[in-house]
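Right, one structure below, let's go through it.
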Amino acid sequence: MNLTVKEIILRIVLALIIGGIIGYERELQNRAAGFRTHILVCLGATIVSLLQIDIGNKAMEIIEVNKSLSDVIKIDYGRLGAQVITGVGFIGAGAIIHTKGNIKGLTTAATLWIVACLGLTIGMGGYLISIFSTILIFITLVFLKRIEDKFISRNTIMVLEVRYLENENMNYEIDNLLEKKKIRIKRIEYYHQGNGSKEIYSKYIICKPRYVHLDEIIKELKDKNYIISINIIS
């Protein structure tokens, strides 16, 4: 099937729009690969698909002119596309950052890979697939992230440093407050100041969901008369 100029322009513009939509969301999140990067990846994949179709069309024309070449000339519409998917992996790897045991950029690497897939789909003329997929991708990035942050995200280990005057109800009140906020206490370390002082220094090693913020808890505890200070030390 020979593509018209109108069809080629339509596919390239659609690639620009779809790559821009996904890239815009990444740009809002201040990621390394943002608006322009996603557009370029999507456009590049689309161009490769268009090139593959053009190569196939020219091969068909040659075969029609000379039938004897039908056993010599082979057309593989997926060959260049496979190289694109492999090549985008290197770009995605560059978007992943590993520091202090934390890995960041996996979602951005995945979006780079998926816009390349969308670009190939657009270039091959799969309009319905590419548009519907873009809608689902955008929903995944924007709306499902809120669900992930609230219900699915892994817990964070933190240390809460508390200085207080000796009080028999203090431990119960802190434990009860943390439990209400879905925070699990992994370990408590106590240190007495000595020299007859009633001041106690404690370290609460806690496991909290990412969506829980400690500001309200700290503010509530600071209102207690026997609390001297509360700090988050890690």
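Chain labels run A, B, ... following the order of the structure tokens; each chain numbers its residues from 1, and ligands are numbered from 1 in the order shown.
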
A:Ile12 environment, 12 Å, only C-alpha atoms, sequence neighbours closer than 3 positions dropped, as a ChimeraX atom specification: /A:5-9,15-19,39-50,118-125,127

Same residues, N, CA and C atoms, output as an mmCIF file, in the first residue's frame:
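Ended up saving to again_23.cif:
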```
data_model
loop_
_atom_site.group_PDB
_atom_site.id
_atom_site.type_symbol
_atom_site.label_atom_id
_atom_site.label_comp_id
_atom_site.auth_asym_id
_atom_site.auth_seq_id
_atom_site.Cartn_x
_atom_site.Cartn_y
_atom_site.Cartn_z
ATOM 1 N N VAL A 5 0.941 11.643 0.687
ATOM 2 C CA VAL A 5 1.607 12.683 1.488
ATOM 3 C C VAL A 5 0.738 13.042 2.694
ATOM 4 N N LYS A 6 -0.578 13.105 2.477
ATOM 5 C CA LYS A 6 -1.518 13.439 3.555
ATOM 6 C C LYS A 6 -1.451 12.397 4.672
ATOM 7 N N GLU A 7 -1.385 11.125 4.277
ATOM 8 C CA GLU A 7 -1.324 10.040 5.259
ATOM 9 C C GLU A 7 -0.021 10.089 6.052
ATOM 10 N N ILE A 8 1.075 10.373 5.395
ATOM 11 C CA ILE A 8 2.375 10.467 6.067
ATOM 12 C C ILE A 8 2.377 11.617 7.067
ATOM 13 N N ILE A 9 1.883 12.784 6.639
ATOM 14 C CA ILE A 9 1.837 13.951 7.527
ATOM 15 C C ILE A 9 0.941 13.675 8.739
ATOM 16 N N ALA A 15 1.994 11.272 15.956
ATOM 17 C CA ALA A 15 3.116 10.842 16.803
ATOM 18 C C ALA A 15 3.593 11.990 17.682
ATOM 19 N N LEU A 16 3.649 13.181 17.112
ATOM 20 C CA LEU A 16 4.058 14.364 17.879
ATOM 21 C C LEU A 16 3.084 14.631 19.028
ATOM 22 N N ILE A 17 1.788 14.534 18.737
ATOM 23 C CA ILE A 17 0.766 14.808 19.761
ATOM 24 C C ILE A 17 0.806 13.761 20.870
ATOM 25 N N ILE A 18 0.855 12.484 20.489
ATOM 26 C CA ILE A 18 0.839 11.395 21.478
ATOM 27 C C ILE A 18 2.115 11.399 22.317
ATOM 28 N N GLY A 19 3.257 11.568 21.672
ATOM 29 C CA GLY A 19 4.514 11.664 22.421
ATOM 30 C C GLY A 19 4.507 12.856 23.355
ATOM 31 N N ILE A 39 8.598 13.204 22.698
ATOM 32 C CA ILE A 39 8.178 13.535 21.324
ATOM 33 C C ILE A 39 9.187 12.984 20.316
ATOM 34 N N LEU A 40 10.463 13.189 20.586
ATOM 35 C CA LEU A 40 11.500 12.747 19.663
ATOM 36 C C LEU A 40 11.539 11.228 19.544
ATOM 37 N N VAL A 41 11.377 10.531 20.666
ATOM 38 C CA VAL A 41 11.373 9.062 20.630
ATOM 39 C C VAL A 41 10.183 8.554 19.813
ATOM 40 N N CYS A 42 9.009 9.139 20.062
ATOM 41 C CA CYS A 42 7.805 8.719 19.341
ATOM 42 C C CYS A 42 7.915 9.028 17.844
ATOM 43 N N LEU A 43 8.403 10.212 17.518
ATOM 44 C CA LEU A 43 8.590 10.593 16.114
ATOM 45 C C LEU A 43 9.600 9.679 15.422
ATOM 46 N N GLY A 44 10.690 9.399 16.119
ATOM 47 C CA GLY A 44 11.722 8.537 15.553
ATOM 48 C C GLY A 44 11.188 7.153 15.223
ATOM 49 N N ALA A 45 10.397 6.589 16.162
ATOM 50 C CA ALA A 45 9.819 5.261 15.925
ATOM 51 C C ALA A 45 8.827 5.296 14.765
ATOM 52 N N THR A 46 8.062 6.381 14.674
ATOM 53 C CA THR A 46 7.103 6.527 13.572
ATOM 54 C C THR A 46 7.828 6.613 12.232
ATOM 55 N N ILE A 47 8.887 7.374 12.208
ATOM 56 C CA ILE A 47 9.675 7.520 10.976
ATOM 57 C C ILE A 47 10.234 6.173 10.530
ATOM 58 N N VAL A 48 10.693 5.376 11.496
ATOM 59 C CA VAL A 48 11.223 4.052 11.162
ATOM 60 C C VAL A 48 10.128 3.169 10.571
ATOM 61 N N SER A 49 8.914 3.238 11.149
ATOM 62 C CA SER A 49 7.795 2.455 10.607
ATOM 63 C C SER A 49 7.448 2.882 9.183
ATOM 64 N N LEU A 50 7.415 4.186 8.977
ATOM 65 C CA LEU A 50 7.123 4.706 7.637
ATOM 66 C C LEU A 50 8.198 4.282 6.641
ATOM 67 N N LEU A 118 4.332 3.029 20.582
ATOM 68 C CA LEU A 118 3.231 3.807 19.995
ATOM 69 C C LEU A 118 3.632 4.404 18.657
ATOM 70 N N GLY A 119 4.876 4.891 18.600
ATOM 71 C CA GLY A 119 5.369 5.462 17.354
ATOM 72 C C GLY A 119 5.375 4.436 16.228
ATOM 73 N N LEU A 120 5.810 3.220 16.535
ATOM 74 C CA LEU A 120 5.802 2.149 15.530
ATOM 75 C C LEU A 120 4.372 1.831 15.095
ATOM 76 N N THR A 121 3.460 1.827 16.072
ATOM 77 C CA THR A 121 2.047 1.537 15.768
ATOM 78 C C THR A 121 1.447 2.609 14.866
ATOM 79 N N ILE A 122 1.746 3.869 15.201
ATOM 80 C CA ILE A 122 1.240 4.985 14.388
ATOM 81 C C ILE A 122 1.798 4.910 12.971
ATOM 82 N N GLY A 123 3.095 4.660 12.886
ATOM 83 C CA GLY A 123 3.736 4.582 11.575
ATOM 84 C C GLY A 123 3.159 3.489 10.704
ATOM 85 N N MET A 124 2.713 2.407 11.345
ATOM 86 C CA MET A 124 2.115 1.298 10.606
ATOM 87 C C MET A 124 0.624 1.515 10.333
ATOM 88 N N GLY A 125 0.079 2.629 10.845
ATOM 89 C CA GLY A 125 -1.321 2.947 10.565
ATOM 90 C C GLY A 125 -2.311 2.444 11.594
ATOM 91 N N TYR A 127 -4.181 3.488 14.069
ATOM 92 C CA TYR A 127 -4.698 4.684 14.744
ATOM 93 C C TYR A 127 -5.507 4.334 15.998
#
```

For stretch 223-231 of chain A, find every residue with an atom within 10 Å (counting only C-alpha atoms), except residues of its own chain fewer than 4 positions away, and show them as a count of residues only. 18

Please provide the set of residues having any atom within 9 Å of stretch 51-58 of chain A, restricted to only C-alpha atoms, with same-chain residues fewer than 5 positions apart removed, written as a list in words. Met1, Asn2, Leu3, Thr46, Ile63, Lys74, Ile75, Asp76, Tyr77, Gly78, Arg79, Leu80, Gly81, Gly123 and Met124 of chain A

Mind pulling up the distance from atom CA of A:Thr4 to atom CA of A:Asp71?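 Going from atom CA of A:Asp71 over to atom CA of A:Thr4, I get 28.5 Å.
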
Pick out the residues sitting within 9 Å of A:Gly94, and hand them over as a ChimeraX atom specification; count only C-alpha atoms, and ignore anything fewer than 3 positions along from it in its own chain. /A:89-91,97,105,109

Can you write just those residues out, all heavy atoms, as a short mmCIF file (atom, residue, chain, number, x, y, z; two decimals), in the first residue's frame?
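Output below, filename out_23.cif:
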```
data_model
loop_
_atom_site.label_atom_id
_atom_site.label_comp_id
_atom_site.auth_asym_id
_atom_site.auth_seq_id
_atom_site.Cartn_x
_atom_site.Cartn_y
_atom_site.Cartn_z
N GLY A 89 15.94 0.91 24.69
CA GLY A 89 16.36 0.40 25.99
C GLY A 89 17.57 1.14 26.54
O GLY A 89 17.68 1.37 27.75
N PHE A 90 18.48 1.56 25.65
CA PHE A 90 19.67 2.30 26.09
C PHE A 90 19.30 3.69 26.59
O PHE A 90 19.86 4.19 27.56
CB PHE A 90 20.68 2.40 24.94
CG PHE A 90 21.34 1.10 24.60
CD1 PHE A 90 20.87 0.33 23.55
CD2 PHE A 90 22.42 0.63 25.33
CE1 PHE A 90 21.46 -0.89 23.23
CE2 PHE A 90 23.02 -0.58 25.03
CZ PHE A 90 22.55 -1.34 23.98
N ILE A 91 18.32 4.30 25.93
CA ILE A 91 17.86 5.62 26.37
C ILE A 91 17.17 5.49 27.73
O ILE A 91 17.39 6.30 28.64
CB ILE A 91 16.89 6.24 25.35
CG1 ILE A 91 17.56 6.36 23.99
CG2 ILE A 91 16.40 7.61 25.83
CD1 ILE A 91 16.63 6.86 22.90
N ILE A 97 18.19 6.20 37.67
CA ILE A 97 19.22 6.65 38.61
C ILE A 97 19.21 5.73 39.82
O ILE A 97 18.16 5.44 40.40
CB ILE A 97 18.96 8.10 39.07
CG1 ILE A 97 18.91 9.03 37.86
CG2 ILE A 97 20.02 8.56 40.06
CD1 ILE A 97 18.45 10.43 38.19
N GLY A 105 13.43 6.54 38.24
CA GLY A 105 13.42 6.68 36.79
C GLY A 105 12.87 5.48 36.04
O GLY A 105 12.84 5.49 34.81
N ALA A 109 11.64 5.47 32.18
CA ALA A 109 12.23 4.53 31.21
C ALA A 109 11.13 3.73 30.52
O ALA A 109 11.19 3.49 29.31
CB ALA A 109 13.20 3.59 31.93
#
```

Do a neighbour search on A:Phe35 at 9 Å with only C-alpha atoms, toss out local chain neighbours closer than 5 positions, and write the hits as a list in words.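 Near neighbours after the sequence-gap exclusion: Gly19, Gly20, Ile21, Ile22, Gly23, Tyr24, Glu25, Arg26, Glu27, Leu28 and Leu40 of chain A.
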
Pull N, CA, C and O atoms from the residues just selected and write them as a PDB file, in the first residue's frame.
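Output (again00.pdb):
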```pdb
ATOM      1  N   GLY A  19       3.257  11.568  21.672  1.00  0.00           N
ATOM      2  CA  GLY A  19       4.514  11.664  22.421  1.00  0.00           C
ATOM      3  C   GLY A  19       4.507  12.856  23.355  1.00  0.00           C
ATOM      4  O   GLY A  19       5.002  12.793  24.490  1.00  0.00           O
ATOM      5  N   GLY A  20       3.907  13.970  22.898  1.00  0.00           N
ATOM      6  CA  GLY A  20       3.836  15.185  23.713  1.00  0.00           C
ATOM      7  C   GLY A  20       2.944  15.018  24.924  1.00  0.00           C
ATOM      8  O   GLY A  20       3.250  15.535  26.010  1.00  0.00           O
ATOM      9  N   ILE A  21       1.830  14.295  24.775  1.00  0.00           N
ATOM     10  CA  ILE A  21       0.899  14.080  25.892  1.00  0.00           C
ATOM     11  C   ILE A  21       1.593  13.322  27.033  1.00  0.00           C
ATOM     12  O   ILE A  21       1.544  13.720  28.198  1.00  0.00           O
ATOM     13  N   ILE A  22       2.252  12.239  26.682  1.00  0.00           N
ATOM     14  CA  ILE A  22       2.937  11.438  27.706  1.00  0.00           C
ATOM     15  C   ILE A  22       4.151  12.185  28.260  1.00  0.00           C
ATOM     16  O   ILE A  22       4.411  12.187  29.460  1.00  0.00           O
ATOM     17  N   GLY A  23       4.878  12.862  27.371  1.00  0.00           N
ATOM     18  CA  GLY A  23       6.050  13.626  27.804  1.00  0.00           C
ATOM     19  C   GLY A  23       5.686  14.791  28.708  1.00  0.00           C
ATOM     20  O   GLY A  23       6.420  15.132  29.629  1.00  0.00           O
ATOM     21  N   TYR A  24       4.527  15.382  28.465  1.00  0.00           N
ATOM     22  CA  TYR A  24       4.068  16.507  29.291  1.00  0.00           C
ATOM     23  C   TYR A  24       3.841  16.073  30.731  1.00  0.00           C
ATOM     24  O   TYR A  24       4.206  16.779  31.677  1.00  0.00           O
ATOM     25  N   GLU A  25       3.269  14.879  30.918  1.00  0.00           N
ATOM     26  CA  GLU A  25       3.055  14.359  32.267  1.00  0.00           C
ATOM     27  C   GLU A  25       4.389  14.136  32.961  1.00  0.00           C
ATOM     28  O   GLU A  25       4.547  14.454  34.145  1.00  0.00           O
ATOM     29  N   ARG A  26       5.371  13.620  32.255  1.00  0.00           N
ATOM     30  CA  ARG A  26       6.703  13.404  32.836  1.00  0.00           C
ATOM     31  C   ARG A  26       7.370  14.743  33.157  1.00  0.00           C
ATOM     32  O   ARG A  26       8.089  14.875  34.139  1.00  0.00           O
ATOM     33  N   GLU A  27       7.143  15.739  32.305  1.00  0.00           N
ATOM     34  CA  GLU A  27       7.705  17.082  32.523  1.00  0.00           C
ATOM     35  C   GLU A  27       7.136  17.690  33.796  1.00  0.00           C
ATOM     36  O   GLU A  27       7.850  18.336  34.572  1.00  0.00           O
ATOM     37  N   LEU A  28       5.840  17.489  34.030  1.00  0.00           N
ATOM     38  CA  LEU A  28       5.211  18.003  35.250  1.00  0.00           C
ATOM     39  C   LEU A  28       5.808  17.364  36.498  1.00  0.00           C
ATOM     40  O   LEU A  28       5.854  17.992  37.562  1.00  0.00           O
ATOM     41  N   LEU A  40      10.463  13.189  20.586  1.00  0.00           N
ATOM     42  CA  LEU A  40      11.500  12.747  19.663  1.00  0.00           C
ATOM     43  C   LEU A  40      11.539  11.228  19.544  1.00  0.00           C
ATOM     44  O   LEU A  40      11.709  10.684  18.437  1.00  0.00           O
TER      45      LEU A  40
END
```

Can you list, as JSON, numbers by chain, every residue of chain A that DSSP puts in strand (DSSP E or B)? {"A": [97, 98, 99, 102, 103, 104, 155, 156, 157, 158, 159, 160, 161, 162, 163, 164, 165, 184, 185, 186, 187, 188, 189, 190, 191, 192, 199, 200, 201, 202, 203, 204, 205, 206, 207, 208, 209, 227, 228, 229, 230, 231, 232]}

Keeping only C-alpha atoms, write the selected residues to a file as a PDB file, in the first residue's frame.
```
ATOM      1  CA  ILE A  97      19.218   6.650  38.611  1.00  0.00           C
ATOM      2  CA  HIS A  98      20.511   4.393  41.405  1.00  0.00           C
ATOM      3  CA  THR A  99      21.561   6.166  44.600  1.00  0.00           C
ATOM      4  CA  ASN A 102      16.993   3.711  45.848  1.00  0.00           C
ATOM      5  CA  ILE A 103      16.119   3.361  42.179  1.00  0.00           C
ATOM      6  CA  LYS A 104      14.463   6.254  40.394  1.00  0.00           C
ATOM      7  CA  ASN A 155       6.555   1.566  53.441  1.00  0.00           C
ATOM      8  CA  THR A 156       9.395   3.843  54.459  1.00  0.00           C
ATOM      9  CA  ILE A 157      11.696   3.173  57.419  1.00  0.00           C
ATOM     10  CA  MET A 158      12.335   6.279  59.526  1.00  0.00           C
ATOM     11  CA  VAL A 159      13.792   7.146  62.929  1.00  0.00           C
ATOM     12  CA  LEU A 160      11.893   9.415  65.298  1.00  0.00           C
ATOM     13  CA  GLU A 161      13.983  10.980  68.044  1.00  0.00           C
ATOM     14  CA  VAL A 162      11.991  11.890  71.182  1.00  0.00           C
ATOM     15  CA  ARG A 163      13.189  13.645  74.343  1.00  0.00           C
ATOM     16  CA  TYR A 164      10.726  13.706  77.223  1.00  0.00           C
ATOM     17  CA  LEU A 165      10.331  13.849  80.972  1.00  0.00           C
ATOM     18  CA  ARG A 184       4.256   0.325  62.783  1.00  0.00           C
ATOM     19  CA  ILE A 185       6.938   0.542  65.474  1.00  0.00           C
ATOM     20  CA  LYS A 186       9.811  -1.801  64.621  1.00  0.00           C
ATOM     21  CA  ARG A 187      12.004  -1.035  67.603  1.00  0.00           C
ATOM     22  CA  ILE A 188      12.405   1.449  70.464  1.00  0.00           C
ATOM     23  CA  GLU A 189      15.750   2.379  72.015  1.00  0.00           C
ATOM     24  CA  TYR A 190      15.775   4.105  75.409  1.00  0.00           C
ATOM     25  CA  TYR A 191      18.589   6.177  76.910  1.00  0.00           C
ATOM     26  CA  HIS A 192      18.454   7.677  80.406  1.00  0.00           C
ATOM     27  CA  GLU A 199      14.819  13.286  81.102  1.00  0.00           C
ATOM     28  CA  ILE A 200      14.672  10.274  78.769  1.00  0.00           C
ATOM     29  CA  TYR A 201      15.919  10.100  75.226  1.00  0.00           C
ATOM     30  CA  SER A 202      14.249   7.539  72.891  1.00  0.00           C
ATOM     31  CA  LYS A 203      14.656   6.465  69.296  1.00  0.00           C
ATOM     32  CA  TYR A 204      11.555   5.092  67.589  1.00  0.00           C
ATOM     33  CA  ILE A 205      12.431   3.078  64.489  1.00  0.00           C
ATOM     34  CA  ILE A 206       9.145   3.195  62.592  1.00  0.00           C
ATOM     35  CA  CYS A 207       7.738   1.791  59.360  1.00  0.00           C
ATOM     36  CA  LYS A 208       5.274   4.179  57.741  1.00  0.00           C
ATOM     37  CA  PRO A 209       3.315   4.212  54.470  1.00  0.00           C
ATOM     38  CA  ILE A 227       7.624  16.263  75.634  1.00  0.00           C
ATOM     39  CA  ILE A 228      10.869  18.274  75.338  1.00  0.00           C
ATOM     40  CA  SER A 229      11.631  17.774  71.649  1.00  0.00           C
ATOM     41  CA  ILE A 230      10.819  15.563  68.662  1.00  0.00           C
ATOM     42  CA  ASN A 231      12.967  15.264  65.547  1.00  0.00           C
ATOM     43  CA  ILE A 232      13.052  13.093  62.459  1.00  0.00           C
TER      44      ILE A 232
END
```

Between atom CA of A:Thr107 and atom CA of A:Gly34, what is the distance, to one decimal in Å? 11.8 Å

When you draw a straight line from atom CA of A:Gly126 to atom CA of A:Arg11, how long is it in Å?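 Value for the atom CA of A:Gly126-atom CA of A:Arg11 distance: 9.5 Å.
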
DSSP-assigned alpha helix (DSSP H) among stretch 13-112 of chain A, expressed as a PyMOL selection string: chain A and resi 13-28+35-65+79-95+106-112

So that I can see what lies close to A:Leu106, please list as a ChimeraX atom specification the residues with an atom at most 8 Å from it, counting only C-alpha atoms and leaving out residues fewer than 5 positions away in the same chain. /A:92,95-96
